[in-house]
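Asks: upload-v8.txt is reproduced in full below (compact mmCIF, C-alpha atoms).
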# COMPACT_ATOMS: atom_id res chain seq x y z
CA MET C 1 157.43 81.07 68.69
CA HIS C 2 155.31 78.03 69.39
CA LYS C 3 158.39 76.10 70.52
CA ASN C 4 159.38 78.87 72.91
CA VAL C 5 156.11 78.84 74.86
CA ARG C 6 156.07 75.11 74.99
CA GLY C 7 159.70 75.02 76.21
CA ARG C 8 158.96 77.56 78.91
CA GLY C 9 155.97 75.54 80.12
CA MET C 10 158.02 72.38 80.29
CA LEU C 11 160.76 74.20 82.19
CA ALA C 12 158.24 75.54 84.72
CA ALA C 13 156.65 72.10 85.16
CA ALA C 14 160.04 70.47 85.71
CA THR C 15 161.01 73.12 88.26
CA LEU C 16 157.77 72.64 90.22
CA THR C 17 158.17 68.87 90.16
CA LEU C 18 161.71 69.06 91.52
CA ALA C 19 160.70 71.52 94.25
CA ALA C 20 157.80 69.30 95.34
CA ALA C 21 159.99 66.21 95.33
CA ALA C 22 162.55 67.93 97.53
CA ALA C 23 159.90 69.23 99.95
CA ILE C 24 158.18 65.89 100.62
CA PRO C 25 161.22 64.14 102.23
CA ALA C 26 161.94 67.28 104.29
CA VAL C 27 158.41 67.28 105.75
CA ALA C 28 158.62 63.54 106.43
CA ALA C 29 161.97 64.00 108.18
CA GLU C 30 160.51 66.73 110.42
CA ASP C 31 157.60 64.48 111.46
CA GLY C 32 159.92 61.57 112.22
CA ALA C 33 162.37 63.77 114.12
CA ALA C 34 159.60 65.20 116.25
CA SER C 35 158.45 61.77 117.38
CA LYS C 36 161.99 60.56 118.16
CA ALA C 37 163.18 63.73 119.96
CA PRO C 38 163.90 63.33 123.68
CA LYS C 39 161.54 65.02 126.09
CA GLU C 40 162.56 68.50 127.09
CA THR C 41 164.06 68.77 130.55
CA LYS C 42 163.07 71.77 132.54
CA ALA C 43 165.86 74.14 133.31
CA PRO C 44 165.98 75.01 137.00
CA PRO C 45 163.97 78.13 137.72
CA SER C 46 166.12 81.16 138.27
CA ALA C 47 164.11 82.66 141.12
CA VAL C 48 164.01 81.38 144.68
CA THR C 49 160.41 81.41 145.86
CA GLY C 50 160.75 80.14 149.44
CA LEU C 51 163.36 80.02 152.16
CA LYS C 52 163.21 78.51 155.67
CA ALA C 53 166.06 78.56 158.17
CA LYS C 54 166.77 78.07 161.86
CA ALA C 55 169.78 78.05 164.18
CA ARG C 56 170.60 77.26 167.78
CA GLY C 57 169.87 80.56 169.54
CA ASP C 58 172.36 80.35 172.45
CA VAL C 59 176.02 79.50 172.01
CA ARG C 60 179.27 80.02 173.90
CA ARG C 61 181.93 82.20 172.31
CA GLY C 62 184.23 80.00 170.25
CA ASP C 63 181.66 77.22 169.73
CA LEU C 64 180.09 76.46 166.38
CA THR C 65 176.50 77.36 165.66
CA THR C 66 174.77 75.67 162.75
CA VAL C 67 172.18 77.24 160.49
CA ARG C 68 169.92 74.73 158.73
CA GLY C 69 167.18 75.26 156.22
CA ALA C 70 165.63 74.60 152.84
CA ILE C 71 164.98 76.55 149.67
CA LYS C 72 162.06 76.26 147.26
CA PRO C 73 162.13 75.26 144.48
CA SER C 74 164.11 72.25 145.67
CA VAL C 75 167.19 72.44 143.47
CA ARG C 76 170.68 71.18 144.25
CA GLY C 77 173.58 73.62 143.93
CA ARG C 78 171.97 76.98 144.78
CA LYS C 79 174.23 79.43 146.59
CA VAL C 80 173.29 80.23 150.20
CA VAL C 81 174.89 82.99 152.27
CA VAL C 82 174.57 83.40 156.06
CA GLN C 83 175.08 86.95 157.32
CA ALA C 84 175.31 88.34 160.86
CA LYS C 85 174.71 91.89 162.02
CA ARG C 86 176.03 93.30 165.25
CA ARG C 87 176.37 97.06 165.72
CA GLY C 88 176.56 98.03 162.08
CA GLY C 89 176.30 96.38 158.70
CA TRP C 90 175.81 92.82 157.63
CA ASP C 91 178.90 90.58 157.49
CA THR C 92 178.96 87.30 155.57
CA VAL C 93 179.92 84.62 158.09
CA ALA C 94 179.32 81.43 156.07
CA ARG C 95 178.58 80.22 152.53
CA THR C 96 177.31 76.93 151.19
CA LYS C 97 175.29 75.36 148.37
CA THR C 98 172.03 73.47 148.63
CA GLU C 99 172.00 69.68 148.63
CA LYS C 100 169.36 67.29 147.32
CA GLY C 101 165.86 68.59 148.01
CA GLY C 102 167.07 72.19 148.38
CA ARG C 103 168.34 71.58 151.94
CA PHE C 104 171.41 73.22 153.41
CA ALA C 105 173.39 73.25 156.66
CA VAL C 106 176.32 75.53 157.38
CA SER C 107 178.25 76.34 160.57
CA TRP C 108 180.05 79.43 161.76
CA ARG C 109 181.98 80.37 164.88
CA PRO C 110 180.99 83.72 166.47
CA LYS C 111 184.11 85.61 167.55
CA ARG C 112 182.57 88.08 169.99
CA THR C 113 179.99 87.89 172.75
CA GLY C 114 176.67 89.63 172.30
CA ASN C 115 173.47 89.32 170.33
CA TYR C 116 173.66 88.83 166.59
CA GLU C 117 170.87 89.39 164.13
CA VAL C 118 171.24 86.58 161.58
CA ARG C 119 169.79 86.24 158.09
CA VAL C 120 170.06 83.76 155.25
CA ARG C 121 170.15 84.90 151.63
CA SER C 122 169.77 83.06 148.36
CA GLY C 123 169.39 85.06 145.21
CA LYS C 124 167.17 88.02 145.96
CA VAL C 125 165.31 86.25 148.79
CA GLU C 126 166.38 86.70 152.39
CA ARG C 127 165.02 85.40 155.67
CA GLY C 128 165.91 86.60 159.16
CA LEU C 129 166.23 84.03 161.92
CA ARG C 130 163.75 84.57 164.72
CA GLY C 131 165.58 85.63 167.87
CA GLY C 132 168.99 85.69 166.21
CA VAL C 133 171.96 84.17 168.02
CA SER C 134 173.13 85.11 171.52
CA VAL C 135 176.82 84.48 172.21
CA TYR C 136 177.99 84.14 175.82
CA ARG C 137 181.46 84.09 177.32
CA PRO C 138 182.46 80.88 179.07
CA ALA C 139 182.28 81.26 182.86
CA ALA C 140 182.84 79.10 185.92
CA ALA C 141 180.45 78.79 188.84
CA SER C 142 181.13 77.51 192.34
CA TRP C 143 178.90 75.37 194.46
CA TYR C 144 179.32 75.05 198.19
CA GLY C 145 177.71 72.36 200.29
CA PRO C 146 176.32 70.27 201.68
CA GLY C 147 177.47 70.87 205.23
CA LEU C 148 177.62 74.66 205.04
CA ASP C 149 173.99 75.16 206.04
CA GLY C 150 173.76 77.10 209.28
CA ASN C 151 177.25 78.60 209.03
CA PRO C 152 177.73 82.38 209.14
CA LEU C 153 178.03 84.35 205.90
CA GLY C 154 180.57 87.09 205.22
CA CYS C 155 177.77 89.60 204.71
CA GLY C 156 176.02 88.60 207.95
CA GLY C 157 173.26 86.08 208.48
CA ARG C 158 173.37 82.36 208.13
CA LEU C 159 173.35 80.11 205.07
CA SER C 160 170.23 78.00 204.60
CA THR C 161 168.48 76.25 201.74
CA ALA C 162 166.12 79.22 201.51
CA THR C 163 168.95 81.78 201.23
CA LEU C 164 169.17 83.47 197.87
CA GLY C 165 172.84 84.17 197.35
CA VAL C 166 175.06 85.91 194.88
CA ALA C 167 178.71 85.27 194.18
CA HIS C 168 181.64 87.50 193.42
CA LYS C 169 184.76 86.15 191.76
CA SER C 170 187.29 88.38 193.52
CA LEU C 171 186.03 87.95 197.09
CA PRO C 172 187.66 85.22 199.18
Please rewrite the model in this file as structure tokens.
Replies:
Amino acid sequence: MHKNVRGRGMLAAATLTLAAAAAIPAVAAEDGAASKAPKETKAPPSAVTGLKAKARGDVRRGDLTTVRGAIKPSVRGRKVVVQAKRRGGWDTVARTKTEKGGRFAVSWRPKRTGNYEVRVRSGKVERGLRGGVSVYRPAAASWYGPGLDGNPLGCGGRLSTATLGVAHKSLP
């Protein structure tokens, strides 16, 4: 019986010694790995917190109008959508991704004349452009003179530099 107790004690001591010996290198490896690990890089934030945009407000039908802006936080590669509203719902007219510094520029060609409400969206953030975009049809204007001052007008009266006139395309 004496041998049994002594054998059990020796077995327990050997087990504890082996466990301690195995644990010491593991702790040392963790400390060394922590000091050699590269610094963590921040993942880009998922939420857009700021959005600025502007566009040329007056454009002729068929010409390009460019919307420029920037998104905060300044991350490259964020999706940006430009939408226009005219008599109804919002239509996506252009898409792009942000460049360095969160900046973007995208162009679109309005197909119809009129006033468009324009907004820019990125993620859940949207920003309307002040004044929107007004699209005009191309038109020609005539200019008569000099030398016509003092001549009679078709509507009566005489043409002078002080005359406020109007024109009509179908009249001769």
Asks: How many Å separate atom CA of Gln83 of chain C from atom CA of Arg137 of chain C?
Replies: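 Separation between atom CA of Gln83 of chain C and atom CA of Arg137 of chain C: 21.2 Å.
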Asks: Let me make sure I understand: among C:Val118, C:Leu129, C:Asn151, C:Lys111, which one has the smallest atom-to-atom distance to Arg60 of chain C if we use all atoms listed in the file?
Replies: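 Closest candidate: C:Lys111.
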Asks: I'd like the neighbourhood of segment 104-107 of chain C as a ChimeraX atom specification, where a residue qualifies if any of its atoms comes within 12 Å (using all atoms listed in the file), though same-chain residues fewer than 5 positions away should be ignored.
Replies: /C:51-56,62-72,74-83,93-99,120-122
Asks: Can you write out the residues you just picked, keeping C-alpha atoms, as a PDB file, in the coordinates of the input?
Replies:
ATOM      1  CA  LEU C  51     163.360  80.020 152.160  1.00  0.00           C
ATOM      2  CA  LYS C  52     163.210  78.510 155.670  1.00  0.00           C
ATOM      3  CA  ALA C  53     166.060  78.560 158.170  1.00  0.00           C
ATOM      4  CA  LYS C  54     166.770  78.070 161.860  1.00  0.00           C
ATOM      5  CA  ALA C  55     169.780  78.050 164.180  1.00  0.00           C
ATOM      6  CA  ARG C  56     170.600  77.260 167.780  1.00  0.00           C
ATOM      7  CA  GLY C  62     184.230  80.000 170.250  1.00  0.00           C
ATOM      8  CA  ASP C  63     181.660  77.220 169.730  1.00  0.00           C
ATOM      9  CA  LEU C  64     180.090  76.460 166.380  1.00  0.00           C
ATOM     10  CA  THR C  65     176.500  77.360 165.660  1.00  0.00           C
ATOM     11  CA  THR C  66     174.770  75.670 162.750  1.00  0.00           C
ATOM     12  CA  VAL C  67     172.180  77.240 160.490  1.00  0.00           C
ATOM     13  CA  ARG C  68     169.920  74.730 158.730  1.00  0.00           C
ATOM     14  CA  GLY C  69     167.180  75.260 156.220  1.00  0.00           C
ATOM     15  CA  ALA C  70     165.630  74.600 152.840  1.00  0.00           C
ATOM     16  CA  ILE C  71     164.980  76.550 149.670  1.00  0.00           C
ATOM     17  CA  LYS C  72     162.060  76.260 147.260  1.00  0.00           C
ATOM     18  CA  SER C  74     164.110  72.250 145.670  1.00  0.00           C
ATOM     19  CA  VAL C  75     167.190  72.440 143.470  1.00  0.00           C
ATOM     20  CA  ARG C  76     170.680  71.180 144.250  1.00  0.00           C
ATOM     21  CA  GLY C  77     173.580  73.620 143.930  1.00  0.00           C
ATOM     22  CA  ARG C  78     171.970  76.980 144.780  1.00  0.00           C
ATOM     23  CA  LYS C  79     174.230  79.430 146.590  1.00  0.00           C
ATOM     24  CA  VAL C  80     173.290  80.230 150.200  1.00  0.00           C
ATOM     25  CA  VAL C  81     174.890  82.990 152.270  1.00  0.00           C
ATOM     26  CA  VAL C  82     174.570  83.400 156.060  1.00  0.00           C
ATOM     27  CA  GLN C  83     175.080  86.950 157.320  1.00  0.00           C
ATOM     28  CA  VAL C  93     179.920  84.620 158.090  1.00  0.00           C
ATOM     29  CA  ALA C  94     179.320  81.430 156.070  1.00  0.00           C
ATOM     30  CA  ARG C  95     178.580  80.220 152.530  1.00  0.00           C
ATOM     31  CA  THR C  96     177.310  76.930 151.190  1.00  0.00           C
ATOM     32  CA  LYS C  97     175.290  75.360 148.370  1.00  0.00           C
ATOM     33  CA  THR C  98     172.030  73.470 148.630  1.00  0.00           C
ATOM     34  CA  GLU C  99     172.000  69.680 148.630  1.00  0.00           C
ATOM     35  CA  VAL C 120     170.060  83.760 155.250  1.00  0.00           C
ATOM     36  CA  ARG C 121     170.150  84.900 151.630  1.00  0.00           C
ATOM     37  CA  SER C 122     169.770  83.060 148.360  1.00  0.00           C
TER      38      SER C 122
END
Asks: Using Å and a single decimal, report how far atom CA of Lys85 of chain C sits from atom CA of Val135 of chain C.
Replies: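 Taking atom CA of Val135 of chain C as the start and atom CA of Lys85 of chain C as the end point, the length is 12.8 Å.
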Asks: Would you mind telling me which residue in C:Ser160, C:Pro138, C:Thr49, C:Arg109 lies nearest to Glu126 of chain C when using only C-alpha atoms?
Replies: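 When distances to Glu126 of chain C are compared using only C-alpha atoms, the smallest one comes from C:Thr49.
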Asks: For a test of reading the model, state the distance in Å between atom CA of Arg86 of chain C and atom CA of Arg119 of chain C, rounded to one decimal.
Replies: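 It comes out at 11.8 Å.
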Asks: Identify which of the residues C:Gly57, C:Gly88, C:Pro73, C:Gly102 lies closest to Ser134 of chain C, counting all atoms listed in the file when measuring atom-to-atom distances.
Replies: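 Nearest to Ser134 of chain C: C:Gly57.
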Asks: Please supply segment 94-110 of chain C, rebuilt with N, CA and C atoms, as a JSON list (two decimals), keeping the file's coordinate frame.
Replies:
[["chain", "number", "residue", "atom", "x", "y", "z"],
["C", 94, "ALA", "N", 179.23, 82.79, 156.61],
["C", 94, "ALA", "CA", 179.32, 81.43, 156.07],
["C", 94, "ALA", "C", 178.65, 81.37, 154.70],
["C", 95, "ARG", "N", 179.14, 80.45, 153.87],
["C", 95, "ARG", "CA", 178.58, 80.22, 152.53],
["C", 95, "ARG", "C", 178.46, 78.71, 152.32],
["C", 96, "THR", "N", 177.47, 78.33, 151.54],
["C", 96, "THR", "CA", 177.31, 76.93, 151.19],
["C", 96, "THR", "C", 176.45, 76.84, 149.93],
["C", 97, "LYS", "N", 176.21, 75.61, 149.49],
["C", 97, "LYS", "CA", 175.29, 75.36, 148.37],
["C", 97, "LYS", "C", 174.26, 74.34, 148.83],
["C", 98, "THR", "N", 173.09, 74.39, 148.24],
["C", 98, "THR", "CA", 172.03, 73.47, 148.63],
["C", 98, "THR", "C", 172.36, 72.05, 148.17],
["C", 99, "GLU", "N", 171.85, 71.10, 148.94],
["C", 99, "GLU", "CA", 172.00, 69.68, 148.63],
["C", 99, "GLU", "C", 170.71, 69.19, 147.98],
["C", 100, "LYS", "N", 170.56, 67.89, 147.89],
["C", 100, "LYS", "CA", 169.36, 67.29, 147.32],
["C", 100, "LYS", "C", 168.13, 67.78, 148.09],
["C", 101, "GLY", "N", 167.10, 68.12, 147.38],
["C", 101, "GLY", "CA", 165.86, 68.59, 148.01],
["C", 101, "GLY", "C", 165.92, 70.05, 148.42],
["C", 102, "GLY", "N", 166.96, 70.77, 148.04],
["C", 102, "GLY", "CA", 167.07, 72.19, 148.38],
["C", 102, "GLY", "C", 167.51, 72.45, 149.81],
["C", 103, "ARG", "N", 167.94, 71.41, 150.54],
["C", 103, "ARG", "CA", 168.34, 71.58, 151.94],
["C", 103, "ARG", "C", 169.78, 72.07, 152.05],
["C", 104, "PHE", "N", 170.05, 72.77, 153.16],
["C", 104, "PHE", "CA", 171.41, 73.22, 153.41],
["C", 104, "PHE", "C", 171.67, 73.22, 154.91],
["C", 105, "ALA", "N", 172.93, 73.13, 155.28],
["C", 105, "ALA", "CA", 173.39, 73.25, 156.66],
["C", 105, "ALA", "C", 174.79, 73.83, 156.60],
["C", 106, "VAL", "N", 175.01, 74.88, 157.37],
["C", 106, "VAL", "CA", 176.32, 75.53, 157.38],
["C", 106, "VAL", "C", 176.60, 76.03, 158.79],
["C", 107, "SER", "N", 177.87, 75.93, 159.21],
["C", 107, "SER", "CA", 178.25, 76.34, 160.57],
["C", 107, "SER", "C", 179.17, 77.54, 160.53],
["C", 108, "TRP", "N", 179.12, 78.32, 161.60],
["C", 108, "TRP", "CA", 180.05, 79.43, 161.76],
["C", 108, "TRP", "C", 180.36, 79.59, 163.24],
["C", 109, "ARG", "N", 181.48, 80.22, 163.52],
["C", 109, "ARG", "CA", 181.98, 80.37, 164.88],
["C", 109, "ARG", "C", 181.98, 81.86, 165.24],
["C", 110, "PRO", "N", 181.00, 82.30, 166.06],
["C", 110, "PRO", "CA", 180.99, 83.72, 166.47],
["C", 110, "PRO", "C", 182.25, 84.07, 167.24]]
